[in-house]
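What follows is the content of coords06.cif, which has mmCIF, C-alpha atoms:
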```cif
data_work
#
loop_
_atom_site.label_atom_id
_atom_site.label_comp_id
_atom_site.auth_asym_id
_atom_site.auth_seq_id
_atom_site.Cartn_x
_atom_site.Cartn_y
_atom_site.Cartn_z
CA MET A 1 13.08 -18.06 -47.39
CA ASN A 2 12.79 -14.65 -45.78
CA LEU A 3 11.39 -13.89 -42.36
CA PHE A 4 8.03 -12.72 -43.72
CA ASN A 5 7.46 -15.99 -45.57
CA ALA A 6 8.45 -17.97 -42.46
CA ILE A 7 5.93 -16.06 -40.33
CA SER A 8 3.27 -16.51 -43.03
CA ILE A 9 3.84 -20.28 -43.13
CA GLY A 10 3.75 -20.39 -39.33
CA LEU A 11 0.41 -18.60 -39.23
CA LYS A 12 -1.04 -20.91 -41.89
CA GLU A 13 0.11 -23.94 -39.91
CA ILE A 14 -1.52 -22.56 -36.75
CA TRP A 15 -4.75 -21.80 -38.64
CA ALA A 16 -4.80 -25.26 -40.17
CA HIS A 17 -4.85 -26.78 -36.67
CA LYS A 18 -6.81 -24.13 -34.77
CA PHE A 19 -7.99 -26.20 -31.79
CA ARG A 20 -4.63 -27.89 -31.30
CA SER A 21 -2.85 -24.55 -31.50
CA LEU A 22 -5.25 -23.00 -28.98
CA LEU A 23 -4.58 -25.81 -26.49
CA THR A 24 -0.85 -25.32 -27.09
CA MET A 25 -1.15 -21.60 -26.38
CA LEU A 26 -3.19 -22.15 -23.24
CA GLY A 27 -0.16 -22.56 -21.01
CA ILE A 28 1.36 -19.35 -22.35
CA ILE A 29 -1.97 -17.53 -21.98
CA LEU A 30 -2.31 -18.59 -18.35
CA GLY A 31 1.32 -17.82 -17.56
CA VAL A 32 1.24 -14.33 -19.07
CA SER A 33 -2.17 -13.42 -17.64
CA SER A 34 -1.25 -14.66 -14.16
CA LEU A 35 2.01 -12.67 -14.27
CA VAL A 36 0.23 -9.47 -15.27
CA ALA A 37 -2.65 -10.01 -12.82
CA MET A 38 -0.34 -10.81 -9.91
CA SER A 39 1.79 -7.78 -10.68
CA ALA A 40 -1.33 -5.58 -10.81
CA LEU A 41 -2.48 -6.80 -7.40
CA VAL A 42 0.96 -6.27 -5.88
CA LYS A 43 1.20 -2.80 -7.43
CA GLY A 44 -2.15 -1.87 -5.90
CA MET A 45 -1.03 -3.18 -2.52
CA GLU A 46 2.25 -1.26 -2.78
CA ASN A 47 0.43 1.98 -3.54
CA GLY A 48 -1.89 1.42 -0.57
CA MET A 49 1.02 0.82 1.81
CA LYS A 50 2.89 3.88 0.56
CA GLU A 51 -0.25 6.00 0.93
CA ALA A 52 -0.55 4.79 4.52
CA LEU A 53 3.10 5.70 5.14
CA ILE A 54 2.50 9.19 3.76
CA ALA A 55 -0.72 9.51 5.76
CA VAL A 56 1.09 8.82 9.02
CA GLY A 57 3.57 11.62 8.30
CA GLY A 58 6.15 10.22 5.90
CA LEU A 59 9.76 9.21 6.44
CA GLU A 60 10.69 12.75 7.48
CA LYS A 61 8.56 12.47 10.61
CA VAL A 62 10.23 11.19 13.80
CA ARG A 63 8.47 10.48 17.07
CA VAL A 64 10.27 11.25 20.34
CA GLU A 65 8.94 9.16 23.23
CA GLU A 66 9.82 8.57 26.85
CA GLU A 67 12.13 5.61 27.39
CA ASP A 68 13.34 3.64 30.38
CA ILE A 69 16.58 5.00 31.83
CA PRO A 70 19.67 2.91 30.92
CA ALA A 71 20.94 0.61 33.66
CA ALA A 72 24.06 2.73 34.10
CA GLN A 73 21.90 5.75 34.99
CA ARG A 74 19.36 4.09 37.27
CA HIS A 75 20.71 6.01 40.26
CA LEU A 76 19.55 9.22 38.52
CA ALA A 77 15.95 8.05 38.10
CA ASP A 78 14.56 10.61 40.56
CA GLN A 79 16.09 13.40 38.44
CA ALA A 80 14.53 12.27 35.16
CA ALA A 81 11.84 14.78 34.16
CA GLY A 82 10.68 13.03 31.00
CA ILE A 83 9.82 14.87 27.79
CA THR A 84 8.50 18.35 28.53
CA ILE A 85 7.60 21.53 26.68
CA HIS A 86 11.13 22.80 27.44
CA ASP A 87 12.46 20.16 25.01
CA VAL A 88 10.18 21.54 22.30
CA TYR A 89 11.43 25.09 22.76
CA ALA A 90 15.06 23.91 22.97
CA LEU A 91 14.78 22.05 19.67
CA GLN A 92 13.17 25.06 18.02
CA ARG A 93 16.06 27.26 19.16
CA SER A 94 19.07 24.98 18.75
CA ALA A 95 18.32 22.33 16.10
CA PRO A 96 18.25 23.98 12.65
CA LEU A 97 17.92 20.63 10.86
CA ILE A 98 14.53 20.17 12.56
CA THR A 99 11.94 22.10 10.55
CA MET A 100 8.90 21.44 12.74
CA THR A 101 8.29 20.37 16.33
CA THR A 102 4.87 19.42 17.72
CA PRO A 103 4.15 18.39 21.33
CA GLU A 104 1.44 15.92 22.32
CA MET A 105 -0.40 15.25 25.58
CA ARG A 106 -2.73 12.27 25.42
CA LEU A 107 -5.50 11.10 27.70
CA GLY A 108 -4.91 7.53 26.62
CA ARG A 109 -7.16 4.84 28.07
CA ASN A 110 -8.69 7.33 30.50
CA SER A 111 -10.40 9.27 27.72
CA HIS A 112 -14.18 9.15 27.69
CA VAL A 113 -16.01 11.02 24.92
CA THR A 114 -19.81 11.23 25.10
CA ARG A 115 -22.79 13.08 23.67
CA ALA A 116 -26.44 12.52 24.53
CA GLY A 117 -25.72 9.10 25.97
CA LYS A 118 -23.68 7.99 22.94
CA SER A 119 -19.98 7.26 22.97
CA PRO A 120 -17.58 6.04 20.27
CA ASP A 121 -15.97 2.60 20.49
CA TRP A 122 -12.75 4.42 21.26
CA ALA A 123 -11.33 7.87 20.73
CA PHE A 124 -7.78 9.19 20.58
CA VAL A 125 -7.90 12.46 22.54
CA VAL A 126 -4.76 14.54 22.02
CA GLY A 127 -3.73 17.95 23.29
CA THR A 128 -1.45 19.50 20.71
CA TRP A 129 -0.53 22.59 18.68
CA PRO A 130 -2.00 23.69 15.32
CA SER A 131 1.22 22.46 13.66
CA SER A 132 -0.05 18.90 14.11
CA ILE A 133 -2.08 19.42 10.92
CA PRO A 134 0.93 19.45 8.54
CA MET A 135 2.89 17.14 10.85
CA ASN A 136 0.33 14.30 10.65
CA GLN A 137 -0.92 15.08 7.14
CA HIS A 138 -4.40 16.05 8.37
CA GLU A 139 -6.93 18.01 6.32
CA ILE A 140 -9.79 20.07 7.73
CA GLU A 141 -12.98 19.40 5.75
CA HIS A 142 -15.42 21.49 7.80
CA GLY A 143 -14.81 24.38 10.19
CA ARG A 144 -11.28 25.27 11.26
CA MET A 145 -8.34 24.17 13.34
CA PHE A 146 -7.87 25.83 16.72
CA ASN A 147 -5.23 28.56 16.74
CA GLU A 148 -2.64 30.03 19.10
CA ILE A 149 -5.22 32.22 20.82
CA ASP A 150 -7.42 29.19 21.56
CA ASP A 151 -4.38 27.48 23.02
CA GLU A 152 -3.23 30.47 25.05
CA LEU A 153 -6.68 30.97 26.59
CA ALA A 154 -7.15 27.21 27.14
CA ARG A 155 -10.51 27.24 25.38
CA ASN A 156 -12.70 24.16 25.42
CA VAL A 157 -12.70 23.61 21.68
CA CYS A 158 -11.93 20.50 19.67
CA VAL A 159 -11.52 19.14 16.16
CA ILE A 160 -12.85 15.62 15.58
CA GLY A 161 -12.36 12.82 13.07
CA ALA A 162 -15.06 11.52 10.73
CA THR A 163 -15.62 8.27 12.65
CA ILE A 164 -16.14 10.18 15.92
CA ARG A 165 -18.80 12.23 14.11
CA ASP A 166 -20.43 9.05 12.76
CA GLU A 167 -20.68 7.39 16.16
CA LEU A 168 -21.84 10.46 18.08
CA PHE A 169 -24.12 12.18 15.55
CA GLY A 170 -24.85 9.49 12.97
CA SER A 171 -23.14 8.58 9.72
CA PRO A 172 -24.41 9.68 6.29
CA GLU A 173 -25.41 6.05 5.64
CA GLU A 174 -27.63 6.07 8.73
CA THR A 175 -29.16 9.52 8.47
CA GLY A 176 -29.34 9.84 4.69
CA GLN A 177 -27.46 13.13 4.84
CA GLU A 178 -24.08 14.36 6.00
CA ILE A 179 -24.24 15.95 9.43
CA ILE A 180 -21.74 18.77 9.98
CA PRO A 181 -21.46 19.09 13.78
CA ILE A 182 -19.68 22.45 13.85
CA GLY A 183 -20.84 24.35 16.92
CA GLU A 184 -22.17 21.24 18.67
CA THR A 185 -20.97 20.27 22.15
CA ILE A 186 -19.49 16.95 23.27
CA ASN A 187 -18.16 15.90 26.66
CA ILE A 188 -14.57 14.78 27.18
CA ASN A 189 -14.20 13.27 30.63
CA ASP A 190 -17.30 15.22 31.71
CA GLN A 191 -15.86 18.51 30.42
CA PRO A 192 -17.94 20.25 27.70
CA PHE A 193 -16.08 20.97 24.46
CA ARG A 194 -17.39 22.85 21.44
CA ILE A 195 -16.61 21.33 18.03
CA ILE A 196 -15.00 23.93 15.77
CA GLY A 197 -13.69 21.64 13.05
CA MET A 198 -13.86 18.19 11.50
CA PHE A 199 -11.18 16.31 9.61
CA LYS A 200 -11.85 14.78 6.22
CA ARG A 201 -12.59 11.07 6.07
CA TYR A 202 -9.49 8.99 5.47
CA GLU A 203 -10.05 5.68 3.69
CA ASN A 204 -8.58 3.39 1.10
CA GLU A 205 -10.05 2.74 -2.33
CA GLN A 206 -12.02 -0.36 -1.38
CA ASP A 207 -13.66 1.31 1.62
CA ARG A 208 -14.57 4.35 -0.44
CA LYS A 209 -16.29 2.18 -3.05
CA ARG A 210 -18.07 0.17 -0.35
CA ARG A 211 -19.35 3.33 1.31
CA GLU A 212 -20.56 4.76 -2.01
CA PHE A 213 -22.28 1.46 -2.78
CA GLU A 214 -24.08 1.47 0.57
CA LYS A 215 -25.44 4.93 -0.21
CA THR A 216 -27.33 3.42 -3.15
CA GLN A 217 -28.88 0.62 -1.08
CA PRO A 218 -32.30 1.01 0.55
CA LYS A 219 -32.06 1.77 4.24
CA GLN A 220 -33.43 -1.03 6.45
CA LYS A 221 -35.71 0.04 9.23
CA ASP A 222 -35.04 -0.97 12.79
CA ALA A 223 -31.52 -2.04 11.82
CA VAL A 224 -28.84 -1.16 14.31
CA GLN A 225 -25.83 0.12 12.44
CA ARG A 226 -22.41 1.04 13.69
CA SER A 227 -19.63 2.81 11.91
CA ARG A 228 -17.06 0.42 10.53
CA GLY A 229 -14.20 2.87 11.01
CA TRP A 230 -13.50 2.30 7.31
CA GLY A 231 -10.22 0.56 6.93
CA GLY A 232 -9.53 -0.78 10.38
CA ARG A 233 -8.33 -4.19 9.21
CA SER A 234 -6.96 -3.60 5.76
CA THR A 235 -3.34 -3.03 4.81
CA GLY A 236 -2.41 0.31 6.29
CA GLY A 237 -6.05 0.66 7.42
CA TRP A 238 -5.00 1.18 11.03
CA VAL A 239 -3.56 4.53 9.96
CA TYR A 240 -6.87 5.69 8.49
CA ASN A 241 -8.81 4.33 11.47
CA TRP A 242 -6.49 6.14 13.89
CA LYS A 243 -6.82 9.43 12.01
CA ASN A 244 -10.60 9.12 11.76
CA ARG A 245 -10.82 8.65 15.54
CA ASN A 246 -8.62 11.60 16.50
CA VAL A 247 -10.02 14.29 18.81
CA TYR A 248 -7.64 17.24 18.92
CA ILE A 249 -7.82 19.89 21.65
CA PRO A 250 -5.39 22.75 22.42
CA LEU A 251 -2.31 21.67 24.36
CA ASN A 252 -2.83 24.25 27.09
CA THR A 253 -6.45 23.13 27.47
CA MET A 254 -5.28 19.55 28.00
CA TRP A 255 -2.83 20.76 30.65
CA VAL A 256 -5.25 23.02 32.53
CA LYS A 257 -8.30 20.77 32.39
CA PHE A 258 -6.77 17.31 32.68
CA ARG A 259 -3.09 17.34 33.66
CA SER A 260 -2.61 20.13 36.22
CA ALA A 261 -2.96 19.58 39.96
CA GLY A 262 -6.54 19.01 41.07
CA SER A 263 -7.88 18.63 37.52
CA GLY A 264 -9.67 15.44 36.58
CA THR A 265 -8.20 12.49 38.46
CA ASN A 266 -4.78 14.09 38.91
CA THR A 267 -3.66 14.94 42.44
CA PHE A 268 -0.28 16.31 41.35
CA PRO A 269 0.61 18.32 38.25
CA ASP A 270 2.03 16.29 35.40
CA PRO A 271 4.05 18.49 33.03
CA ARG A 272 5.33 15.61 30.92
CA LEU A 273 4.42 15.28 27.27
CA SER A 274 3.14 11.94 26.02
CA ALA A 275 5.31 12.34 22.94
CA MET A 276 6.85 14.90 20.65
CA ASN A 277 6.84 14.78 16.86
CA ILE A 278 9.65 16.34 14.88
CA LYS A 279 10.13 16.66 11.14
CA VAL A 280 13.53 16.86 9.49
CA ALA A 281 14.32 19.10 6.54
CA ASP A 282 15.32 16.25 4.23
CA ILE A 283 15.32 12.47 4.55
CA GLU A 284 18.96 12.54 3.42
CA LEU A 285 19.75 14.55 6.56
CA LEU A 286 17.89 12.20 8.92
CA GLU A 287 20.94 10.88 10.76
CA PRO A 288 22.65 14.26 11.40
CA ALA A 289 19.26 15.77 12.33
CA LEU A 290 18.62 13.04 14.91
CA GLN A 291 22.12 13.45 16.31
CA GLN A 292 21.54 17.18 16.56
CA ALA A 293 18.20 16.61 18.34
CA ARG A 294 19.81 14.09 20.68
CA ASN A 295 22.57 16.52 21.63
CA VAL A 296 20.03 19.23 22.44
CA MET A 297 17.85 16.92 24.51
CA MET A 298 20.80 15.43 26.38
CA HIS A 299 21.60 18.99 27.45
CA THR A 300 18.04 19.78 28.58
CA HIS A 301 17.81 16.41 30.36
CA ARG A 302 21.13 16.98 32.13
CA GLY A 303 22.75 13.96 30.54
CA ILE A 304 19.94 11.51 31.42
CA GLU A 305 18.92 9.54 28.34
CA ASP A 306 15.27 8.88 29.18
CA PHE A 307 13.98 9.35 25.63
CA SER A 308 14.16 7.56 22.29
CA PHE A 309 13.53 8.31 18.63
CA ARG A 310 10.98 6.31 16.61
CA THR A 311 11.35 6.66 12.85
CA GLU A 312 9.13 5.31 10.08
CA GLU A 313 12.07 3.47 8.49
CA ASN A 314 10.86 0.17 9.94
CA MET A 315 7.48 0.63 8.27
CA SER A 316 9.21 1.50 5.00
CA GLU A 317 11.43 -1.58 5.27
CA ASN A 318 8.41 -3.77 6.02
CA ILE A 319 6.66 -2.39 2.93
CA THR A 320 9.71 -3.12 0.77
CA MET A 321 10.05 -6.65 2.15
CA ALA A 322 6.34 -7.44 1.79
CA ILE A 323 6.29 -6.22 -1.82
CA ARG A 324 9.46 -8.15 -2.67
CA ASN A 325 8.06 -11.36 -1.19
CA GLN A 326 4.77 -10.94 -3.03
CA ARG A 327 6.55 -10.32 -6.33
CA MET A 328 8.82 -13.31 -5.84
CA SER A 329 5.95 -15.66 -5.04
CA GLY A 330 3.83 -14.29 -7.89
CA GLY A 331 6.73 -14.46 -10.31
CA PHE A 332 7.47 -18.05 -9.29
CA ILE A 333 3.87 -19.12 -9.92
CA SER A 334 3.80 -17.32 -13.27
CA ALA A 335 7.14 -18.86 -14.26
CA ILE A 336 5.67 -22.32 -13.67
CA GLY A 337 2.77 -21.41 -15.97
CA LEU A 338 5.14 -20.21 -18.68
CA LEU A 339 7.30 -23.32 -18.26
CA VAL A 340 4.26 -25.53 -18.75
CA GLY A 341 3.35 -23.48 -21.80
CA GLY A 342 6.86 -23.88 -23.21
CA ILE A 343 6.75 -27.66 -22.72
CA GLY A 344 3.41 -27.70 -24.53
CA ILE A 345 4.85 -25.77 -27.47
CA MET A 346 7.89 -28.05 -27.66
CA ASN A 347 5.68 -31.12 -27.58
CA ILE A 348 3.35 -29.91 -30.31
CA MET A 349 6.25 -28.79 -32.50
CA LEU A 350 7.88 -32.21 -32.22
CA ALA A 351 4.58 -33.80 -33.16
CA SER A 352 4.23 -31.37 -36.07
CA ILE A 353 7.69 -32.26 -37.36
CA THR A 354 6.80 -35.95 -37.31
CA GLU A 355 3.71 -35.21 -39.42
CA ARG A 356 5.71 -33.06 -41.86
CA ILE A 357 8.85 -35.18 -42.36
CA ARG A 358 8.16 -35.76 -46.07
CA GLU A 359 7.37 -32.06 -46.58
CA ILE A 360 10.67 -31.09 -44.92
CA GLY A 361 12.48 -33.68 -47.00
CA ILE A 362 11.05 -32.23 -50.24
CA ARG A 363 12.08 -28.71 -49.25
CA LYS A 364 15.61 -29.81 -48.45
CA ALA A 365 15.76 -31.80 -51.72
CA ILE A 366 14.94 -28.73 -53.78
CA GLY A 367 17.54 -26.56 -52.06
CA ALA A 368 16.40 -25.55 -48.56
CA THR A 369 19.41 -25.27 -46.29
CA PHE A 370 19.85 -26.25 -42.63
CA THR A 371 19.38 -22.60 -41.66
CA ASN A 372 16.19 -22.23 -43.74
CA VAL A 373 14.47 -25.17 -42.04
CA PHE A 374 15.79 -24.24 -38.60
CA ILE A 375 14.48 -20.66 -38.88
CA GLN A 376 11.12 -21.79 -40.25
CA ILE A 377 10.42 -24.16 -37.33
CA LEU A 378 11.79 -21.69 -34.79
CA VAL A 379 9.61 -18.89 -36.19
CA GLU A 380 6.53 -21.12 -35.99
CA SER A 381 7.28 -21.77 -32.34
CA VAL A 382 7.77 -18.08 -31.62
CA VAL A 383 4.56 -17.17 -33.47
CA ILE A 384 2.57 -19.59 -31.31
CA ALA A 385 4.14 -18.16 -28.14
CA ALA A 386 3.66 -14.55 -29.29
CA LEU A 387 0.00 -15.10 -30.12
CA GLY A 388 -0.42 -16.80 -26.74
CA GLY A 389 1.28 -13.83 -25.10
CA LEU A 390 -1.05 -11.34 -26.79
CA MET A 391 -4.09 -13.39 -25.79
CA GLY A 392 -2.71 -13.61 -22.25
CA LEU A 393 -2.38 -9.82 -22.07
CA ALA A 394 -6.01 -9.47 -23.14
CA ALA A 395 -7.10 -12.13 -20.64
CA SER A 396 -5.23 -10.42 -17.79
CA TYR A 397 -7.73 -7.56 -17.76
CA GLY A 398 -10.60 -9.99 -17.30
CA ILE A 399 -8.74 -11.92 -14.59
CA VAL A 400 -7.96 -8.73 -12.63
CA HIS A 401 -11.60 -7.68 -12.82
CA LEU A 402 -12.75 -11.15 -11.75
CA LEU A 403 -10.33 -11.25 -8.82
CA THR A 404 -11.50 -7.82 -7.70
CA LEU A 405 -15.11 -9.04 -7.67
CA LEU A 406 -14.50 -12.40 -6.00
CA SER A 407 -11.83 -11.36 -3.52
CA PRO A 408 -11.76 -7.56 -3.17
CA THR A 409 -8.46 -6.09 -2.06
CA GLU A 410 -8.03 -2.87 -0.14
CA ASN A 411 -6.52 -1.14 -3.18
CA THR A 412 -7.44 -1.13 -6.84
CA PRO A 413 -5.09 -3.39 -8.88
CA ILE A 414 -3.00 -1.44 -11.38
CA ILE A 415 -1.82 -2.99 -14.64
CA THR A 416 1.38 -1.28 -15.78
CA LEU A 417 2.85 -1.05 -19.26
CA GLN A 418 6.23 -2.28 -18.01
CA THR A 419 4.70 -5.49 -16.70
CA MET A 420 2.83 -6.11 -19.94
CA MET A 421 6.00 -5.61 -21.97
CA LEU A 422 7.94 -7.92 -19.66
CA ALA A 423 5.25 -10.62 -19.83
CA PHE A 424 5.14 -10.49 -23.63
CA ALA A 425 8.94 -10.57 -23.88
CA LEU A 426 9.03 -13.62 -21.59
CA SER A 427 6.43 -15.39 -23.74
CA ALA A 428 8.54 -14.72 -26.85
CA CYS A 429 11.64 -16.05 -25.06
CA VAL A 430 9.73 -19.17 -24.07
CA GLY A 431 8.80 -19.63 -27.74
CA VAL A 432 12.45 -19.38 -28.77
CA LEU A 433 13.65 -21.84 -26.11
CA ALA A 434 10.81 -24.26 -26.78
CA GLY A 435 11.47 -24.21 -30.50
CA LEU A 436 15.24 -24.80 -30.43
CA ILE A 437 15.14 -28.60 -30.03
CA PRO A 438 12.34 -29.19 -32.60
CA ALA A 439 14.01 -26.77 -35.06
CA PHE A 440 17.39 -28.47 -34.69
CA LYS A 441 15.79 -31.89 -35.10
CA ALA A 442 13.96 -30.82 -38.26
CA ALA A 443 16.94 -29.02 -39.76
CA LYS A 444 19.29 -31.99 -39.46
CA LEU A 445 16.92 -34.44 -41.18
CA ASP A 446 18.48 -36.27 -44.12
CA PRO A 447 16.37 -35.47 -47.23
CA ILE A 448 16.66 -39.03 -48.64
CA GLN A 449 15.51 -40.67 -45.41
CA ALA A 450 12.76 -38.05 -45.02
CA LEU A 451 11.41 -38.79 -48.51
CA ARG A 452 11.33 -42.52 -47.69
CA TYR A 453 9.33 -41.89 -44.48
CA GLU A 454 5.84 -43.39 -44.57
#
```

Represent the structure contained in this file as structure tokens.
Amino acid sequence: MNLFNAISIGLKEIWAHKFRSLLTMLGIILGVSSLVAMSALVKGMENGMKEALIAVGGLEKVRVEEEDIPAAQRHLADQAAGITIHDVYALQRSAPLITMTTPEMRLGRNSHVTRAGKSPDWAFVVGTWPSSIPMNQHEIEHGRMFNEIDDELARNVCVIGATIRDELFGSPEETGQEIIPIGETININDQPFRIIGMFKRYENEQDRKRREFEKTQPKQKDAVQRSRGWGGRSTGGWVYNWKNRNVYIPLNTMWVKFRSAGSGTNTFPDPRLSAMNIKVADIELLEPALQQARNVMMHTHRGIEDFSFRTEENMSENITMAIRNQRMSGGFISAIGLLVGGIGIMNIMLASITERIREIGIRKAIGATFTNVFIQILVESVVIAALGGLMGLAASYGIVHLLTLLSPTENTPIITLQTMMLAFALSACVGVLAGLIPAFKAAKLDPIQALRYE
């Protein structure tokens, strides 16, 4: 008996007991579909996390922040100047492995942005340089970014995020049209600032679909609506929320209007930067670049280590760990489903052998060998598992769609070819393992005793 005949007999046996075969395949179908669906959800989550990592600046970006002085240097506390613009210039001159350096001065909790009696829930007001655009992966959708001349002349200009626009001027969902506030004036701590640019809206896939869906819904009158911030609670959504609430002003404007002596609430000038962002040439050169930056800053700080480096490696490691845990838990659940399916196949094959003892006896009496019977039963088992695997692959698309509707995730699930191939291969392996015992049992039957079986 060749392989083709064995497969043909297996298919006829399955067709002769259609309902029983379908119930047998059910475990394999559920196991394969759950494996593919779980992998699709995890893949979507992984893509969302990686997009958030890129949106915050990528692994090449390093944040330099002020740090408490080590205990051994506490006696030098009065000499610690903190991070200043001199550090920025020193790194630009003496650290060739640093490709970009961007200073930041923040208003922090003292920031108060208003317009016509409206104010956003919160705003992140930052004085910085134009290089913050490539540093923080920002994109200008309307207007322009301020330039070196705006910074040198300390002009009262700003670039705002999409959520700031929504909460001060009205969102497209509220007004029925997109308001472009270029040229409008807002107040930052009672200082008038002219809007010269607006960043694009940053959001994940789910938020984008939700916003597009709300555009198609009839607007309710007298309904008080507030901007959701789009993505504030989803995986990586804090990154999008933070970027949408940015208000950028020139660094020199921040210094003159809010940080110099007599400006705002300051009695004394405060030349310190809130932070400094640096970008290394290559992630492979991260360690030598940081050592180079540390050497330069130790020189400008006169040996006082009152600064620290914050990399995005922790975020990357958290992403890797979260994805690994999700895959392990999903794989474990799917393995249980496949195991149940394999037990079902073994059970039904044993029952089938009992029903076909006389048939097997006749075949062995007319010349069928141990190998012929063994292969025939094993092929039947594999055919059941393979058909179940194919049906499971088809069902996985429906399950992914159903899960997306019932429990929407922040990122669209992605079914990959590699996962489908792996799931089908596992179903075939389950068929082989489940068919070994029944095939061995059938192949070793004595033809005389099998012919006597009633």

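With distances restricted to only C-alpha atoms, A:Phe199 is the closest residue to Glu141 (chain A) from A:Trp122, A:Phe440, A:Phe169, A:Phe199.
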
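Counting all atoms listed in the file, region 366-368 of chain A has the following residues at most 12 Å away, ignoring those fewer than 6 positions along the same chain: Met1, Asn2, Glu359, Ile360, Phe374, Ile375, Gln376, Ala442, Ala443, Lys444, Leu445, Asp446, Pro447, Ile448 and Leu451 of chain A.
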
Practice prompt. Could you give me, as number ranges by chain, the residues that have an atom at most 12 Å away from the point (-24.2, 23.0, 22.0) in the coordinates of the file, using all atoms listed in the file?
Written response: A: 115-116, 157, 181-187, 192-196

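Summary of the local environment: counting all atoms listed in the file, residues at most 12 Å from Gln418 (chain A), other than itself and those fewer than 3 positions away along its chain, are Leu35, Val36, Ser39, Ala40, Lys43, Ile414, Ile415, Met421, Leu422, Ala423, Phe424 and Ala425 of chain A.
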
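For the pair CA of Asp150 (chain A) and CA of Pro250 (chain A), the interatomic distance is 6.8 Å.
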
Discussion item. Assuming the chain letters and numbering stay as they are in my file, what does the PyMOL selection byres ((chain A and resi 387) around 10) actually select? List them as number ranges by chain.
Written reply: A: 11, 21-22, 25, 28-29, 382-386, 388-393, 424, 427-428

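Ranking A:Ile283, A:Met145, A:Val88, A:Ile14 by their shortest atom-to-atom distance to Ser381 (chain A), with all atoms listed in the file included, puts A:Ile14 first.
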
Discussion item. Once the PyMOL selection byres ((chain A and resi 286-291) around 8) is applied to the coordinates I shared, what remains selected? I want it as a ChimeraX atom specification.
Written reply: /A:60,95,97-98,280,282-285,292-295,309

Worksheet entry | Test item: residues at most 9 Å from Gly344 (chain A), all atoms listed in the file, excluding those fewer than 5 positions along its chain, as a PyMOL selection string | chain A and resi 23-28+339+349+434

Item to complete: Decode the PyMOL selection byres ((chain A and resi 49-56) around 7) for the given file into explicit residues and return them as a VMD selection string.
Response: chain A and resid 45 to 48 57 to 58 136 to 137 235 to 236 239 319

Practice prompt. Find the distance between CA of Met297 (chain A) and CA of Arg106 (chain A) and write it in Å to one decimal.
Written response: 21.1 Å

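Closest approach to Ile85 (chain A) among A:Thr300, A:Asn189, A:Ser8, A:Ser171: A:Thr300, based on only C-alpha atoms.
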
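In terms of minimum interatomic distance to Asn372 (chain A), A:Asn5 ranks closest within A:Asn5, A:Ser352, A:Val296, A:Lys12, counting only C-alpha atoms.
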
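Computed from the coordinates, the CA of Ala281 (chain A) to CA of Ala90 (chain A) distance equals 17.1 Å.
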
Worksheet item: Counting all atoms listed in the file, which residues come within 10 Å of (0.1, 23.7, 24.9), with the point read in the file's coordinates, and could you list them as JSON, numbers by chain?
Response: {"A": [85, 102, 103, 104, 105, 127, 128, 129, 130, 148, 150, 151, 152, 154, 249, 250, 251, 252, 253, 254, 255, 256, 273]}

Keeping only C-alpha atoms, write the selected residues as a short mmCIF file (atom, residue, chain, number, x, y, z; two decimals), in the frame of the given file.
```cif
data_model
loop_
_atom_site.label_atom_id
_atom_site.label_comp_id
_atom_site.auth_asym_id
_atom_site.auth_seq_id
_atom_site.Cartn_x
_atom_site.Cartn_y
_atom_site.Cartn_z
CA ILE A 85 7.60 21.53 26.68
CA THR A 102 4.87 19.42 17.72
CA PRO A 103 4.15 18.39 21.33
CA GLU A 104 1.44 15.92 22.32
CA MET A 105 -0.40 15.25 25.58
CA GLY A 127 -3.73 17.95 23.29
CA THR A 128 -1.45 19.50 20.71
CA TRP A 129 -0.53 22.59 18.68
CA PRO A 130 -2.00 23.69 15.32
CA GLU A 148 -2.64 30.03 19.10
CA ASP A 150 -7.42 29.19 21.56
CA ASP A 151 -4.38 27.48 23.02
CA GLU A 152 -3.23 30.47 25.05
CA ALA A 154 -7.15 27.21 27.14
CA ILE A 249 -7.82 19.89 21.65
CA PRO A 250 -5.39 22.75 22.42
CA LEU A 251 -2.31 21.67 24.36
CA ASN A 252 -2.83 24.25 27.09
CA THR A 253 -6.45 23.13 27.47
CA MET A 254 -5.28 19.55 28.00
CA TRP A 255 -2.83 20.76 30.65
CA VAL A 256 -5.25 23.02 32.53
CA LEU A 273 4.42 15.28 27.27
#
```

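Proximity ranking of A:Arg302, A:Val400, A:Ile345, A:Val159 relative to Pro438 (chain A) places A:Ile345 first, based on only C-alpha atoms.
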
Worksheet item: Which is closer to Ile348 (chain A) than all the others in A:Gly435, A:Gly303, A:Gly330, A:Pro271, using all atoms listed in the file?
Response: A:Gly435
